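Asks: So here's my_file_5.cif, just mmCIF, C-alpha atoms:
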data_final
loop_
_atom_site.label_atom_id
_atom_site.label_comp_id
_atom_site.auth_asym_id
_atom_site.auth_seq_id
_atom_site.Cartn_x
_atom_site.Cartn_y
_atom_site.Cartn_z
CA MET A 1 -64.35 108.06 -37.22
CA TRP A 2 -64.96 104.94 -39.31
CA ASP A 3 -65.57 107.03 -42.45
CA ARG A 4 -62.36 109.08 -42.13
CA LYS A 5 -59.32 108.42 -44.29
CA ARG A 6 -56.84 106.18 -42.42
CA SER A 7 -59.17 106.31 -39.42
CA TRP A 8 -57.01 103.88 -37.45
CA THR A 9 -54.06 106.27 -37.12
CA LEU A 10 -53.38 108.51 -34.14
CA LYS A 11 -53.04 111.52 -36.45
CA THR A 12 -56.56 111.10 -37.83
CA TYR A 13 -57.99 110.35 -34.40
CA ARG A 14 -56.54 113.47 -32.80
CA ALA A 15 -57.58 115.63 -35.77
CA ASN A 16 -61.16 114.62 -35.03
CA GLY A 17 -61.20 115.36 -31.32
CA GLY A 18 -59.39 112.29 -30.05
CA TYR A 19 -57.96 112.38 -26.51
CA GLU A 20 -60.07 115.36 -25.47
CA GLY A 21 -61.84 112.99 -23.09
CA LEU A 22 -58.56 111.87 -21.51
CA ALA A 23 -57.51 115.50 -21.11
CA ARG A 24 -60.68 116.11 -19.10
CA ALA A 25 -60.16 112.92 -17.12
CA ARG A 26 -56.70 114.10 -16.08
CA ARG A 27 -58.30 117.12 -14.42
CA MET A 28 -60.66 114.97 -12.38
CA ALA A 29 -60.18 112.86 -9.26
CA PRO A 30 -60.77 109.10 -9.62
CA ASP A 31 -63.97 109.24 -7.58
CA GLU A 32 -65.29 112.04 -9.78
CA LEU A 33 -64.58 109.96 -12.87
CA VAL A 34 -66.48 106.98 -11.49
CA ASP A 35 -69.42 109.19 -10.58
CA LEU A 36 -69.44 110.73 -14.06
CA VAL A 37 -69.61 107.30 -15.71
CA LYS A 38 -72.40 106.33 -13.31
CA ALA A 39 -74.28 109.51 -14.28
CA SER A 40 -74.03 108.59 -17.97
CA ASN A 41 -75.80 105.27 -17.29
CA LEU A 42 -73.34 103.45 -19.54
CA ARG A 43 -74.04 99.72 -19.38
CA GLY A 44 -71.64 96.91 -20.22
CA ARG A 45 -71.61 96.06 -23.91
CA GLY A 46 -70.35 92.50 -23.53
CA GLY A 47 -73.88 91.14 -23.26
CA ALA A 48 -74.73 91.35 -19.57
CA GLY A 49 -75.63 95.04 -19.63
CA PHE A 50 -74.36 95.67 -16.08
CA PRO A 51 -73.91 99.37 -15.17
CA THR A 52 -70.27 100.23 -15.87
CA GLY A 53 -69.65 102.86 -13.20
CA LEU A 54 -71.24 100.66 -10.56
CA LYS A 55 -68.95 97.80 -11.59
CA TRP A 56 -65.90 100.02 -11.13
CA SER A 57 -67.10 101.07 -7.69
CA PHE A 58 -67.02 97.45 -6.48
CA LEU A 59 -63.22 97.54 -6.28
CA PRO A 60 -62.05 97.55 -2.65
CA ALA A 61 -60.24 100.52 -1.16
CA PRO A 62 -56.63 100.93 -2.35
CA ASP A 63 -54.07 98.99 -0.30
CA GLY A 64 -50.93 100.20 -2.08
CA LEU A 65 -50.68 97.11 -4.28
CA PRO A 66 -51.56 96.80 -8.00
CA ARG A 67 -55.04 96.73 -9.50
CA TYR A 68 -55.78 95.96 -13.12
CA LEU A 69 -58.03 96.67 -16.06
CA VAL A 70 -58.64 93.79 -18.48
CA VAL A 71 -60.47 94.49 -21.75
CA ASN A 72 -62.35 91.51 -23.12
CA ALA A 73 -61.78 91.48 -26.89
CA ASP A 74 -62.30 87.73 -27.25
CA GLU A 75 -65.25 88.17 -29.59
CA SER A 76 -66.44 84.62 -30.22
CA GLU A 77 -70.24 84.53 -30.17
CA PRO A 78 -71.54 83.34 -33.57
CA GLY A 79 -72.90 86.37 -35.39
CA THR A 80 -71.10 88.93 -33.23
CA CYS A 81 -68.85 91.28 -35.17
CA LYS A 82 -68.64 94.69 -33.50
CA ASP A 83 -65.45 94.68 -31.41
CA ILE A 84 -62.98 93.47 -34.05
CA PRO A 85 -64.22 96.03 -36.64
CA THR A 86 -63.88 98.71 -33.96
CA ILE A 87 -60.26 97.71 -33.36
CA MET A 88 -59.60 97.73 -37.10
CA ALA A 89 -61.28 101.08 -37.81
CA ASN A 90 -60.77 103.06 -34.61
CA PRO A 91 -58.32 101.44 -32.18
CA GLN A 92 -57.34 104.75 -30.59
CA ALA A 93 -60.86 105.11 -29.12
CA LEU A 94 -60.21 101.86 -27.26
CA ILE A 95 -56.76 103.01 -26.11
CA GLU A 96 -58.13 106.35 -24.90
CA GLY A 97 -60.93 104.53 -23.10
CA VAL A 98 -58.40 102.22 -21.45
CA ALA A 99 -56.48 105.27 -20.24
CA ILE A 100 -59.65 106.91 -18.85
CA CYS A 101 -60.74 103.77 -17.01
CA SER A 102 -57.22 103.15 -15.70
CA ARG A 103 -57.12 106.65 -14.22
CA ALA A 104 -60.53 106.12 -12.61
CA ILE A 105 -59.58 102.86 -10.88
CA GLY A 106 -55.92 103.62 -10.07
CA CYS A 107 -54.45 101.17 -12.58
CA ASP A 108 -51.04 101.51 -14.22
CA HIS A 109 -51.00 98.24 -16.19
CA ALA A 110 -53.95 97.35 -18.41
CA PHE A 111 -54.45 94.30 -20.62
CA ILE A 112 -56.41 93.82 -23.84
CA TYR A 113 -57.19 90.13 -24.44
CA LEU A 114 -57.77 89.58 -28.16
CA ARG A 115 -58.67 86.32 -29.87
CA GLY A 116 -55.57 85.03 -31.62
CA GLU A 117 -57.14 84.13 -34.98
CA VAL A 118 -57.59 87.79 -35.93
CA ALA A 119 -53.90 88.43 -36.57
CA HIS A 120 -54.67 91.49 -38.70
CA ALA A 121 -56.56 93.12 -35.81
CA TYR A 122 -53.78 92.17 -33.38
CA ARG A 123 -51.17 93.88 -35.55
CA ARG A 124 -53.29 97.00 -35.80
CA LEU A 125 -53.85 97.04 -32.04
CA LEU A 126 -50.14 96.63 -31.32
CA ARG A 127 -49.37 99.53 -33.65
CA ALA A 128 -52.04 101.72 -32.02
CA VAL A 129 -50.65 101.05 -28.54
CA ALA A 130 -47.15 101.89 -29.75
CA GLU A 131 -48.38 105.14 -31.36
CA ALA A 132 -50.11 106.26 -28.16
CA LYS A 133 -47.06 105.39 -26.05
CA ASP A 134 -44.55 107.07 -28.38
CA SER A 135 -46.63 110.24 -28.47
CA GLY A 136 -46.35 110.62 -24.68
CA LEU A 137 -50.09 110.29 -24.06
CA LEU A 138 -49.56 107.52 -21.51
CA GLU A 139 -46.50 108.94 -19.71
CA ASP A 140 -48.10 110.02 -16.44
CA GLY A 141 -51.37 110.44 -14.58
CA PHE A 142 -52.06 106.82 -13.73
CA GLY A 143 -51.71 104.36 -10.87
CA LEU A 144 -52.82 104.71 -7.28
CA ASP A 145 -50.82 107.91 -6.79
CA GLY A 146 -51.94 109.37 -10.13
CA ASP A 147 -48.36 109.98 -11.14
CA ARG A 148 -47.29 106.82 -12.96
CA PRO A 149 -47.09 105.88 -16.65
CA LEU A 150 -49.66 103.49 -18.09
CA THR A 151 -48.53 100.21 -19.65
CA ILE A 152 -50.99 98.57 -22.05
CA THR A 153 -50.35 94.92 -22.94
CA ALA A 154 -52.18 93.49 -25.94
CA HIS A 155 -52.38 89.72 -25.50
CA ALA A 156 -53.48 87.27 -28.20
CA GLY A 157 -55.31 84.21 -26.92
CA ALA A 158 -55.23 80.80 -28.57
CA GLY A 159 -58.83 80.95 -29.78
CA ALA A 160 -61.37 79.50 -27.38
CA TYR A 161 -64.99 80.59 -26.95
CA ILE A 162 -64.81 79.80 -23.24
CA CYS A 163 -62.19 82.55 -22.81
CA GLY A 164 -64.91 85.09 -23.47
CA GLU A 165 -66.15 84.18 -19.98
CA GLU A 166 -64.34 86.68 -17.78
CA THR A 167 -62.77 84.30 -15.26
CA ALA A 168 -61.67 81.81 -17.93
CA LEU A 169 -60.11 84.80 -19.70
CA LEU A 170 -58.17 85.63 -16.52
CA ASP A 171 -56.86 82.06 -16.24
CA SER A 172 -55.76 82.17 -19.88
CA LEU A 173 -54.11 85.56 -19.39
CA GLU A 174 -52.18 84.14 -16.43
CA GLY A 175 -50.87 81.30 -18.61
CA ARG A 176 -53.21 78.52 -17.57
CA ARG A 177 -55.85 76.62 -19.48
CA GLY A 178 -58.97 78.73 -19.91
CA HIS A 179 -61.46 77.34 -17.41
CA PRO A 180 -64.12 79.38 -15.57
CA ARG A 181 -63.44 80.02 -11.91
CA LEU A 182 -65.80 79.44 -9.03
CA LYS A 183 -67.32 82.70 -7.80
CA PRO A 184 -67.01 84.22 -5.23
CA PRO A 185 -64.42 85.64 -5.04
CA PHE A 186 -65.38 87.93 -7.88
CA PRO A 187 -62.78 89.62 -10.13
CA ALA A 188 -63.42 93.00 -8.49
CA ALA A 189 -61.91 91.58 -5.31
CA GLN A 190 -59.56 88.89 -6.61
CA GLY A 191 -59.13 88.94 -10.36
CA LEU A 192 -55.92 88.98 -12.38
CA TYR A 193 -53.04 87.70 -10.22
CA ALA A 194 -55.56 87.65 -7.33
CA ARG A 195 -55.69 91.45 -7.34
CA PRO A 196 -58.72 93.78 -7.75
CA THR A 197 -59.62 93.82 -11.44
CA VAL A 198 -62.13 95.53 -13.70
CA ILE A 199 -63.14 93.52 -16.78
CA ASN A 200 -65.01 95.36 -19.53
CA ASN A 201 -65.82 94.76 -23.17
CA VAL A 202 -64.15 96.64 -26.06
CA GLU A 203 -67.31 98.59 -26.95
CA THR A 204 -67.87 99.59 -23.32
CA ILE A 205 -64.37 101.01 -22.95
CA SER A 206 -64.48 102.63 -26.41
CA SER A 207 -67.61 104.55 -25.35
CA LEU A 208 -65.75 106.41 -22.60
CA PRO A 209 -63.94 109.06 -24.73
CA GLY A 210 -67.25 110.38 -26.10
CA ILE A 211 -68.83 110.46 -22.64
CA LEU A 212 -65.88 112.39 -21.17
CA ALA A 213 -65.58 114.80 -24.09
CA ARG A 214 -69.30 115.56 -24.49
CA GLY A 215 -70.60 114.92 -21.00
CA PRO A 216 -72.82 112.28 -19.39
CA GLU A 217 -75.96 114.28 -20.22
CA TRP A 218 -75.21 114.00 -23.94
CA TYR A 219 -74.85 110.25 -23.69
CA SER A 220 -77.89 109.63 -21.48
CA SER A 221 -80.05 111.80 -23.74
CA MET A 222 -80.08 108.88 -26.20
CA GLY A 223 -81.69 105.48 -25.77
CA THR A 224 -84.54 104.44 -23.50
CA GLU A 225 -85.30 105.03 -19.84
CA LYS A 226 -83.13 102.18 -18.54
CA SER A 227 -80.94 101.48 -21.58
CA LYS A 228 -79.21 104.79 -22.23
CA GLY A 229 -76.90 105.74 -25.04
CA HIS A 230 -76.10 104.18 -28.38
CA GLY A 231 -74.51 100.95 -29.52
CA ILE A 232 -73.36 98.99 -32.53
CA PHE A 233 -75.96 96.63 -34.00
CA SER A 234 -74.46 93.92 -36.22
CA VAL A 235 -77.01 92.82 -38.84
CA SER A 236 -76.11 89.73 -40.84
CA GLY A 237 -77.80 87.02 -42.89
CA HIS A 238 -80.57 87.42 -45.42
CA VAL A 239 -80.63 91.20 -45.78
CA ALA A 240 -79.61 93.20 -48.82
CA HIS A 241 -76.78 95.06 -47.08
CA PRO A 242 -75.48 93.35 -43.92
CA GLY A 243 -73.20 95.44 -41.74
CA GLN A 244 -72.70 97.53 -38.61
CA PHE A 245 -75.32 100.09 -37.65
CA GLU A 246 -74.67 102.54 -34.83
CA ALA A 247 -77.98 103.59 -33.31
CA PRO A 248 -79.60 104.56 -30.00
CA PHE A 249 -80.99 101.75 -27.87
CA GLY A 250 -84.69 101.35 -28.50
CA ILE A 251 -84.45 101.12 -32.29
CA THR A 252 -86.51 98.19 -33.61
CA MET A 253 -85.46 95.28 -35.79
CA ARG A 254 -87.94 96.46 -38.43
CA GLU A 255 -86.03 99.76 -38.63
CA LEU A 256 -82.65 98.04 -38.73
CA ILE A 257 -83.73 95.68 -41.51
CA ALA A 258 -84.93 98.72 -43.46
CA LEU A 259 -81.53 100.37 -42.94
CA ALA A 260 -79.94 97.14 -44.21
CA GLY A 261 -81.96 97.32 -47.42
CA GLY A 262 -84.69 94.91 -46.34
CA VAL A 263 -84.85 91.13 -46.47
CA ARG A 264 -83.25 89.92 -49.68
CA GLU A 265 -85.42 90.42 -52.75
CA GLY A 266 -88.14 87.88 -53.36
CA HIS A 267 -88.07 86.43 -49.85
CA GLU A 268 -89.67 87.02 -46.47
CA LEU A 269 -88.43 86.87 -42.89
CA LYS A 270 -88.80 83.53 -41.13
CA PHE A 271 -86.92 84.03 -37.86
CA TRP A 272 -84.11 86.07 -36.31
CA VAL A 273 -82.03 86.27 -33.16
CA PRO A 274 -81.43 89.56 -31.31
CA GLY A 275 -78.16 88.81 -29.56
CA GLY A 276 -76.33 85.98 -31.26
CA SER A 277 -76.81 82.23 -31.26
CA SER A 278 -77.09 82.01 -27.46
CA THR A 279 -80.29 84.07 -27.32
CA PRO A 280 -83.83 82.74 -27.82
CA ILE A 281 -85.22 82.93 -31.34
CA PHE A 282 -87.63 85.67 -32.41
CA GLY A 283 -90.06 85.69 -35.33
CA PRO A 284 -91.72 88.38 -37.51
CA GLU A 285 -94.14 89.15 -34.67
CA GLU A 286 -91.25 90.61 -32.60
CA LEU A 287 -89.99 93.00 -35.29
CA ASP A 288 -91.33 96.03 -33.41
CA VAL A 289 -89.87 95.15 -30.00
CA PRO A 290 -87.58 98.03 -28.91
CA LEU A 291 -84.02 96.78 -28.88
CA ASP A 292 -83.09 97.59 -25.32
CA TYR A 293 -82.21 95.24 -22.49
CA GLU A 294 -85.57 95.37 -20.70
CA SER A 295 -87.87 95.22 -23.73
CA VAL A 296 -86.07 92.29 -25.34
CA ALA A 297 -86.04 90.39 -22.05
CA GLY A 298 -89.73 91.14 -21.60
CA ALA A 299 -90.42 89.65 -25.03
CA GLY A 300 -88.63 86.43 -24.05
CA SER A 301 -85.08 86.78 -25.36
CA MET A 302 -81.84 88.67 -24.59
CA LEU A 303 -80.21 91.61 -26.32
CA GLY A 304 -76.76 90.16 -25.65
CA THR A 305 -74.09 91.51 -27.97
CA ARG A 306 -76.62 92.77 -30.55
CA ALA A 307 -75.61 90.14 -33.10
CA LEU A 308 -78.82 90.30 -35.13
CA GLN A 309 -78.96 87.36 -37.52
CA VAL A 310 -81.74 87.29 -40.13
CA PHE A 311 -83.07 84.11 -41.75
CA ASP A 312 -85.66 83.95 -44.53
CA GLU A 313 -88.15 81.23 -45.45
CA THR A 314 -85.55 79.15 -47.34
CA VAL A 315 -83.73 78.27 -44.12
CA SER A 316 -84.12 75.08 -42.11
CA VAL A 317 -84.28 75.87 -38.40
CA VAL A 318 -83.00 72.34 -37.72
CA ARG A 319 -79.92 72.97 -39.85
CA VAL A 320 -79.15 76.32 -38.16
CA VAL A 321 -79.57 74.95 -34.64
CA THR A 322 -77.43 71.92 -35.54
CA ARG A 323 -74.54 74.18 -36.60
CA TRP A 324 -74.84 76.17 -33.40
CA THR A 325 -74.98 72.99 -31.31
CA GLU A 326 -71.85 71.65 -33.02
CA PHE A 327 -70.11 74.91 -32.17
CA TYR A 328 -71.02 74.76 -28.48
CA GLN A 329 -70.07 71.10 -28.20
CA HIS A 330 -66.69 71.85 -29.75
CA GLU A 331 -66.09 74.87 -27.52
CA SER A 332 -67.19 73.31 -24.21
CA CYS A 333 -64.18 73.35 -21.89
CA GLY A 334 -65.28 70.08 -20.29
CA LYS A 335 -65.02 71.33 -16.71
CA CYS A 336 -68.58 70.46 -15.71
CA THR A 337 -70.59 67.33 -16.48
CA PRO A 338 -73.89 68.87 -17.68
CA CYS A 339 -72.20 70.89 -20.42
CA ARG A 340 -69.49 68.36 -21.33
CA GLU A 341 -71.87 65.41 -21.68
CA GLY A 342 -75.05 67.27 -22.59
CA THR A 343 -73.63 69.16 -25.57
CA TYR A 344 -72.21 65.90 -26.94
CA TRP A 345 -75.59 64.15 -26.86
CA MET A 346 -77.49 67.15 -28.17
CA ARG A 347 -75.10 67.25 -31.12
CA GLN A 348 -75.68 63.56 -31.89
CA ILE A 349 -79.46 63.95 -31.83
CA MET A 350 -79.42 67.16 -33.89
CA LEU A 351 -77.27 65.51 -36.56
CA ARG A 352 -79.76 62.62 -36.73
CA LEU A 353 -82.69 64.97 -37.13
CA GLU A 354 -80.89 67.04 -39.77
CA ALA A 355 -80.19 63.87 -41.76
CA GLY A 356 -83.81 62.72 -41.49
CA ARG A 357 -82.84 59.72 -39.36
CA GLY A 358 -84.33 60.80 -36.03
CA LEU A 359 -85.39 58.15 -33.54
CA PRO A 360 -88.81 58.13 -31.85
CA GLY A 361 -88.74 60.50 -28.89
CA ASP A 362 -85.66 62.43 -30.05
CA VAL A 363 -87.36 65.81 -29.80
CA GLU A 364 -88.55 65.11 -26.26
CA LYS A 365 -85.10 63.84 -25.38
CA LEU A 366 -83.55 67.05 -26.70
CA GLU A 367 -85.88 69.10 -24.51
CA ASP A 368 -85.00 66.98 -21.50
CA ILE A 369 -81.22 67.19 -22.02
CA ALA A 370 -81.28 70.93 -22.75
CA SER A 371 -83.44 71.58 -19.69
CA ASN A 372 -80.96 69.70 -17.53
CA ILE A 373 -78.04 71.78 -18.86
CA ALA A 374 -79.67 75.19 -18.53
CA GLY A 375 -79.07 76.62 -15.07
CA ARG A 376 -77.00 73.63 -13.98
CA SER A 377 -73.65 74.21 -15.68
CA PHE A 378 -70.59 75.88 -14.20
CA CYS A 379 -70.76 78.90 -16.51
CA ALA A 380 -73.05 80.44 -19.12
CA LEU A 381 -71.78 78.27 -21.99
CA GLY A 382 -74.14 75.49 -20.94
CA ASP A 383 -77.09 77.88 -20.96
CA ALA A 384 -75.97 79.18 -24.36
CA SER A 385 -75.97 75.66 -25.83
CA ALA A 386 -79.44 74.85 -24.49
CA THR A 387 -81.14 78.09 -25.53
CA PRO A 388 -81.33 77.66 -29.34
CA ILE A 389 -82.58 74.09 -28.98
CA LEU A 390 -85.32 74.93 -26.48
CA SER A 391 -86.47 78.08 -28.30
CA GLY A 392 -86.18 76.37 -31.70
CA ILE A 393 -88.41 73.49 -30.63
CA LYS A 394 -90.85 75.86 -28.98
CA ARG A 395 -91.36 77.86 -32.17
CA PHE A 396 -90.77 75.24 -34.88
CA ARG A 397 -91.57 71.88 -33.29
CA ALA A 398 -93.04 70.47 -36.53
CA GLU A 399 -89.73 71.04 -38.34
CA PHE A 400 -87.83 69.15 -35.67
CA GLU A 401 -90.34 66.28 -35.76
CA ALA A 402 -90.06 66.16 -39.56
CA GLY A 403 -86.47 65.06 -38.94
CA TYR A 404 -87.80 61.63 -37.98
CA THR A 405 -88.45 60.85 -41.64
CA THR A 406 -87.14 63.62 -43.89
CA ALA A 407 -83.73 65.27 -44.19
CA ALA A 408 -83.58 69.01 -43.69
CA ALA A 409 -81.84 69.35 -47.06
CA GLU A 410 -84.92 67.89 -48.77
CA LEU A 411 -87.36 70.19 -47.01
CA PHE A 412 -85.14 73.25 -47.40
CA PRO A 413 -82.51 72.82 -50.16
CA TYR A 414 -79.35 74.36 -48.79
CA ALA A 415 -78.40 76.07 -52.04
CA ALA A 416 -81.58 78.16 -51.85
CA SER A 417 -80.44 79.84 -48.64
CA ALA A 418 -76.94 80.67 -49.90
CA ILE A 419 -76.24 84.40 -50.07
CA VAL A 420 -73.27 83.95 -52.43
CA GLU A 421 -74.18 83.03 -56.00
CA SER A 422 -71.25 80.63 -56.35
CA ALA A 423 -72.64 78.53 -53.47
CA ARG A 424 -75.91 77.82 -55.26
#
Show me the file's structure as structure tokens.
Replies:
Amino acid sequence: MWDRKRSWTLKTYRANGGYEGLARARRMAPDELVDLVKASNLRGRGGAGFPTGLKWSFLPAPDGLPRYLVVNADESEPGTCKDIPTIMANPQALIEGVAICSRAIGCDHAFIYLRGEVAHAYRRLLRAVAEAKDSGLLEDGFGLDGDRPLTITAHAGAGAYICGEETALLDSLEGRRGHPRLKPPFPAAQGLYARPTVINNVETISSLPGILARGPEWYSSMGTEKSKGHGIFSVSGHVAHPGQFEAPFGITMRELIALAGGVREGHELKFWVPGGSSTPIFGPEELDVPLDYESVAGAGSMLGTRALQVFDETVSVVRVVTRWTEFYQHESCGKCTPCREGTYWMRQIMLRLEAGRGLPGDVEKLEDIASNIAGRSFCALGDASATPILSGIKRFRAEFEAGYTTAAAELFPYAASAIVESAR
């Protein structure tokens, strides 16, 4: 759909097979729909990779009161850029997916939580919802009795990384400050407005129309044994042609870099991350690791949101990790002590090392602080902040220790790593 003229319009979407999946879903009972999604082996695309159909099945039995679908479109992970382009290029796939999921779980009011900074995407999403509603596609077939209209509310958040965490998102959607909730209870039992709630990522929900229209066998025929199907791989950084690449799970980074035109001319790969800044760093030796959840985890990292960032030999690891650490310190919600205090001190130390003014023992202190954040914070943001520091030191300890005496800008002139000529 992305290559079609005016691909974001309902007219173009329907001309290319749009809403055939919803038509099939209308002929199926909710339980049959859940079983079909289970059979496809679709896994959550928000980073966790949890089986989608199984997640839906966790909802308790209907009690006559509302249940909700919330789509997480708060795409905030540094390097991640798959959900917002999907909304811009093909929002009707998301709307159709919302309708399919809503029918499966007995929902008649679904929410799409979008980060507020992307006003252009918000406008396009609002228009897409209005088009679907005005065309009568959402008039009936939803709710617990299967005979109610579907309301889709697109909500723009205020722009906070923490609201990508599903329970903080729910608090924000309810009008409170975005703070993660203590679990249990889990959202499937007590989510939005303390009612049973399914929370899925944009890409997960947008995959449903194809699965319904072409069948679960078609979808599960792609990918690897445990990571079925296809996904969007976002390749950015020092490649000739950064962009979005839709491919089956199991493709390698070497193949993706080749599709992106290779590492920029005259340079060679130094390091890369497979799932955004919160995933452990990989080097050239991991280029042939299949990009599926199990293989990447087995190699010591996480596939996450498939935000594949490429860095060549001109880049200072200390500089990159410092920027990421500043981001996590800024975005910490402050609810728990390890993350609130730890990210602050990691930022101070990283800035010292980047400036070449590190104090004796700073690298060991970084390892100690990061190790006391990881696994001890209220939500995954603490783990995310600790990961690049621990993996960076593990792979490039000498560069961090060089920060005791020499600024990163001297060792790796920043202009040399610029991908825009005017920044040199």
Asks: Give me the result of the PyMOL selection byres ((chain A and resi 64) around 10) on this file, residue by residue, as a ChimeraX atom specification.
Replies: /A:61-63,65-67,143-145
Asks: Name the residues within 9 Å of (-62.4, 92.0, -13.4), counting only C-alpha atoms in the file's coordinates, and put them as a list in words.
Replies: Lys55, Tyr68, Leu69, Val70, Val71, Glu166, Thr167, Leu170, Phe186, Pro187, Ala188, Ala189, Gln190, Gly191, Leu192, Pro196, Thr197, Val198, Ile199 and Asn200 of chain A
Asks: Take the residues just selected and output them with C-alpha atoms as a PDB file, in the coordinates of the input.
Replies:
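Result went into part_14.pdb, see below:
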ATOM      1  CA  LYS A  55     -68.950  97.800 -11.590  1.00  0.00           C
ATOM      2  CA  TYR A  68     -55.780  95.960 -13.120  1.00  0.00           C
ATOM      3  CA  LEU A  69     -58.030  96.670 -16.060  1.00  0.00           C
ATOM      4  CA  VAL A  70     -58.640  93.790 -18.480  1.00  0.00           C
ATOM      5  CA  VAL A  71     -60.470  94.490 -21.750  1.00  0.00           C
ATOM      6  CA  GLU A 166     -64.340  86.680 -17.780  1.00  0.00           C
ATOM      7  CA  THR A 167     -62.770  84.300 -15.260  1.00  0.00           C
ATOM      8  CA  LEU A 170     -58.170  85.630 -16.520  1.00  0.00           C
ATOM      9  CA  PHE A 186     -65.380  87.930  -7.880  1.00  0.00           C
ATOM     10  CA  PRO A 187     -62.780  89.620 -10.130  1.00  0.00           C
ATOM     11  CA  ALA A 188     -63.420  93.000  -8.490  1.00  0.00           C
ATOM     12  CA  ALA A 189     -61.910  91.580  -5.310  1.00  0.00           C
ATOM     13  CA  GLN A 190     -59.560  88.890  -6.610  1.00  0.00           C
ATOM     14  CA  GLY A 191     -59.130  88.940 -10.360  1.00  0.00           C
ATOM     15  CA  LEU A 192     -55.920  88.980 -12.380  1.00  0.00           C
ATOM     16  CA  PRO A 196     -58.720  93.780  -7.750  1.00  0.00           C
ATOM     17  CA  THR A 197     -59.620  93.820 -11.440  1.00  0.00           C
ATOM     18  CA  VAL A 198     -62.130  95.530 -13.700  1.00  0.00           C
ATOM     19  CA  ILE A 199     -63.140  93.520 -16.780  1.00  0.00           C
ATOM     20  CA  ASN A 200     -65.010  95.360 -19.530  1.00  0.00           C
TER      21      ASN A 200
END
Asks: In Å, with one decimal, what is the gap from CA of Phe50 (chain A) to CA of Trp272 (chain A)?
Replies: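 According to the coordinates, CA of Phe50 (chain A) and CA of Trp272 (chain A) are separated by 24.4 Å.
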Asks: Report the residues retrieved by the PyMOL selection byres ((chain A and resi 282-287) around 9) from the displayed file, expressed as number ranges by chain.
Replies: A: 252-255, 269-274, 280-281, 288-290, 299-301, 391, 395
Asks: Expanded to explicit residues, what is the PyMOL selection byres ((chain A and resi 108) around 9) for this file, as a list of chain:residue names?
Replies: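 For this structure, the PyMOL selection byres ((chain A and resi 108) around 9) captures A:Pro66, A:Arg67, A:Tyr68, A:Leu69, A:Ala99, A:Ser102, A:Arg103, A:Gly106, A:Cys107, A:His109, A:Ala110, A:Gly141, A:Phe142, A:Gly143, A:Leu144, A:Gly146, A:Arg148, A:Pro149, A:Leu150, A:Thr151, A:Ile152.
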Asks: Could you list, as a list in words, every residue within 9 Å of Arg43 (chain A), counting only C-alpha atoms and ignoring same-chain residues fewer than 4 positions away?
Replies: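 Those residues are Ala48, Gly49, Phe50, Pro51, Thr52, Gly53, Thr204, Ser227, Lys228 and Gly229 of chain A.
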Asks: For region 359-370 of chain A, supply N, CA and C atoms and format the output as a PDB file, keeping the file's coordinate frame.
Replies:
ATOM      1  N   LEU A 359     -84.777  59.290 -34.208  1.00  0.00           N
ATOM      2  CA  LEU A 359     -85.390  58.150 -33.540  1.00  0.00           C
ATOM      3  C   LEU A 359     -86.636  58.618 -32.782  1.00  0.00           C
ATOM      4  N   PRO A 360     -87.606  57.738 -32.591  1.00  0.00           N
ATOM      5  CA  PRO A 360     -88.810  58.130 -31.850  1.00  0.00           C
ATOM      6  C   PRO A 360     -88.447  58.707 -30.477  1.00  0.00           C
ATOM      7  N   GLY A 361     -89.014  59.861 -30.169  1.00  0.00           N
ATOM      8  CA  GLY A 361     -88.740  60.500 -28.890  1.00  0.00           C
ATOM      9  C   GLY A 361     -87.537  61.417 -28.868  1.00  0.00           C
ATOM     10  N   ASP A 362     -86.867  61.592 -30.018  1.00  0.00           N
ATOM     11  CA  ASP A 362     -85.660  62.430 -30.050  1.00  0.00           C
ATOM     12  C   ASP A 362     -85.944  63.881 -29.656  1.00  0.00           C
ATOM     13  N   VAL A 363     -87.063  64.407 -30.110  1.00  0.00           N
ATOM     14  CA  VAL A 363     -87.360  65.810 -29.800  1.00  0.00           C
ATOM     15  C   VAL A 363     -87.586  65.988 -28.305  1.00  0.00           C
ATOM     16  N   GLU A 364     -88.324  65.056 -27.701  1.00  0.00           N
ATOM     17  CA  GLU A 364     -88.550  65.110 -26.260  1.00  0.00           C
ATOM     18  C   GLU A 364     -87.238  64.923 -25.497  1.00  0.00           C
ATOM     19  N   LYS A 365     -86.389  64.071 -26.032  1.00  0.00           N
ATOM     20  CA  LYS A 365     -85.100  63.840 -25.380  1.00  0.00           C
ATOM     21  C   LYS A 365     -84.225  65.097 -25.448  1.00  0.00           C
ATOM     22  N   LEU A 366     -84.282  65.793 -26.572  1.00  0.00           N
ATOM     23  CA  LEU A 366     -83.550  67.050 -26.700  1.00  0.00           C
ATOM     24  C   LEU A 366     -84.024  68.056 -25.646  1.00  0.00           C
ATOM     25  N   GLU A 367     -85.333  68.173 -25.509  1.00  0.00           N
ATOM     26  CA  GLU A 367     -85.880  69.100 -24.510  1.00  0.00           C
ATOM     27  C   GLU A 367     -85.414  68.720 -23.117  1.00  0.00           C
ATOM     28  N   ASP A 368     -85.394  67.442 -22.825  1.00  0.00           N
ATOM     29  CA  ASP A 368     -85.000  66.980 -21.500  1.00  0.00           C
ATOM     30  C   ASP A 368     -83.520  67.278 -21.220  1.00  0.00           C
ATOM     31  N   ILE A 369     -82.667  66.961 -22.196  1.00  0.00           N
ATOM     32  CA  ILE A 369     -81.220  67.190 -22.020  1.00  0.00           C
ATOM     33  C   ILE A 369     -80.941  68.690 -21.879  1.00  0.00           C
ATOM     34  N   ALA A 370     -81.525  69.485 -22.788  1.00  0.00           N
ATOM     35  CA  ALA A 370     -81.280  70.930 -22.750  1.00  0.00           C
ATOM     36  C   ALA A 370     -81.765  71.528 -21.435  1.00  0.00           C
TER      37      ALA A 370
END
